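Report on the structure given below.
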Amino acid sequence: MVVKQPPVEVAAETQESGPRMTYEEYLKWANEDLRTEWVNGEVIIQMPLKPLHQRLSEFLDRILGLFIGVFGLGVLHTAPIEVKLWADGPSREPDLLFVSNEHLDRLTPERVVGAPDLVVEIVSDDSVHRDRVDKFDQYEAAGVPEYWIIDNRPDQHRAWFYRLDTNGQYQQVAVGTDGVYRSTVLPGFWLRLDWLWSESPNELSALAEIIGPEQFAEALRRASSK
């Protein structure tokens with residue numbers, strides 16, 4: 001089923017408007033000490049990350065980074081890194097993004113220009129509407145092929161996975177009855193949802209499960225020889 005919005009109604013957060021400025025002014029104003037985004041002339045200042053959010057981000061960074069490195073698929077980045085989705089469009093900072101080898105020309109010394117191949121957003125208290133509605137629409141419009149939204153806040157533990165269909169619209173992809181989501185942008189990569197809610201997920205054991213013991217052992221040998 002093709003959906004233009006996430007499957008449940010999401011109320012907008014109550015938040016104060018940030019400073020207004022042009023994109024050129026924003027580039028001069030922004031710095032690496034703040035996580036900020038620029039949308040339609042308004043600066044969005046994001047709240048500091050909570051430990052649960054950071055722990056999940058670090059796990060995904062490690063397991064995705066290991067998988068991408070083993071198979072030489074491209075480049076993975078974690079926030080803060082700017083993504084200018086289109087020339088006169090918004091400037092976002094996803095929690096994680098992947099750019100494939102075929103699209104490395106979109107990765108400049110300053111930012112990603114255009115659509116990453118995969119974007120992952122981890123939901124925070126102040127980002128529910130932003131992640132599930134605003135960014136949903138913008139990543140779809142920019143042509144991001146695969147978009148994950150993961151909510152690991154206490155008493156939430158939900159995840160949504162979207163892929164672009166042939167009409168350029170996001171289609172929600174159901175998780176298998178085995179509790180596993182399988183990526184198409186990262187061929188062979190799959191994610192067990194239980195890992196996302198664990199208090200101490202182990203990326204090495206997870207990677208061994210994903211790629212198999214023989215390839216995992218070979219990856220360790222290559223890593224230790226560098």
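Labeling convention for the structure tokens: chains A, B, ... as they appear, residues from 1 per chain, ligands from 1 in order of appearance.
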message: Env of region 144-151 of chain A: 6 Å cut, atoms = only C-alpha atoms, seq-sep filter 4 positions within chain, self excluded. Answer as a ChimeraX atom specification.
response: /A:115-123,139-140,157-164
field: Long-range neighbours of region 175-180 of chain A as a VMD selection string, 9 Å cut-off, only C-alpha atoms, 4 positions minimum in chain
entry: chain A and resid 160 to 161 190 to 194
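From CA of Gln54 (chain A) back to CA of Ser100 (chain A), the distance works out to 24.3 Å.
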- prompt: What's the 8 Å shell around Pro94 (chain A), counting only C-alpha atoms, without same-chain residues fewer than 2 positions away, as a list in words?
  reply: Thr78, Ala79, Pro80, Ile81, Glu82, Val83, Arg92, Leu96, Leu97, Val119, Val120 and Glu121 of chain A
task: Please identify which residues in region 158-197 of chain A DSSP calls helix (DSSP H, G or I) from the backbone, and express them as number ranges by chain.
output: A: 193-197
- request: Please report, as a PyMOL selection string, each residue of region 12-127 of chain A to which DSSP assigns strand (DSSP E) when run on this structure's backbone.
  value: chain A and resi 36-39+42-45+74-78+83-84+91-92+96-100+112-113+118-122
query: Of the residues A:Pro48, A:Gly72, A:Gly188, A:Pro109, which is the one nearest to Asp126 (chain A), using only C-alpha atoms?
result: A:Pro48
message: Can you pull out the residues contacting region 208-215 of chain A? Cut-off 10 Å, using only C-alpha atoms, and skip same-chain residues under 3 positions away; I want them as a ChimeraX atom specification.
response: /A:63,67,70,188-192,203-205,218-221
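Take the candidates A:Glu199, A:Asp95, A:Asp137, A:Glu42 and check each one against Asp61 (chain A) using only C-alpha atoms; the shortest distance goes to A:Asp95.
Put simply, CA of Glu24 (chain A) is 24.3 Å away from CA of Leu104 (chain A).
Of the listed residues (A:Gln46, A:Ser91, A:Gln156, A:Ser124), A:Ser91 comes nearest to Tyr26 (chain A); the distances count only C-alpha atoms.
Reported to one decimal place, the separation of CA of Lys28 (chain A) from CA of Ala142 (chain A) is 24.5 Å.
With distances restricted to only C-alpha atoms, A:Tyr23 is the closest residue to Lys84 (chain A) from A:Gly65, A:Val43, A:Trp29, A:Tyr23.
Of the listed residues (A:Gly41, A:Pro201, A:Pro51, A:Gly143), A:Gly143 comes nearest to Leu85 (chain A); the distances count only C-alpha atoms.
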- request: Can you work out which one of A:Glu32, A:Thr108, A:Leu27, A:Ser198 has the shortest atom-to-atom distance to Arg153 (chain A), counting only C-alpha atoms?
  value: A:Ser198
- prompt: Using only C-alpha atoms, which residues sit within 9 Å of Leu52 (chain A) once same-chain residues fewer than 2 positions away are excluded, as JSON, numbers by chain?
  reply: {"A": [49, 50, 54, 55, 56, 57, 152, 153, 154, 199]}
Could you please take those selected residues and save C-alpha atoms as a PDB file, in the first residue's frame?
ATOM      1  CA  LEU A  49      20.230  14.002  22.784  1.00  0.00           C
ATOM      2  CA  LYS A  50      19.198  11.679  25.599  1.00  0.00           C
ATOM      3  CA  GLN A  54      22.598   8.204  21.646  1.00  0.00           C
ATOM      4  CA  ARG A  55      22.998   4.518  22.507  1.00  0.00           C
ATOM      5  CA  LEU A  56      20.824   3.457  19.578  1.00  0.00           C
ATOM      6  CA  SER A  57      22.573   5.872  17.233  1.00  0.00           C
ATOM      7  CA  ASN A 152      13.069   3.702  21.068  1.00  0.00           C
ATOM      8  CA  ARG A 153      11.684   5.993  23.754  1.00  0.00           C
ATOM      9  CA  PRO A 154      10.356   4.229  26.871  1.00  0.00           C
ATOM     10  CA  GLU A 199      19.888  -1.983  26.661  1.00  0.00           C
TER      11      GLU A 199
END
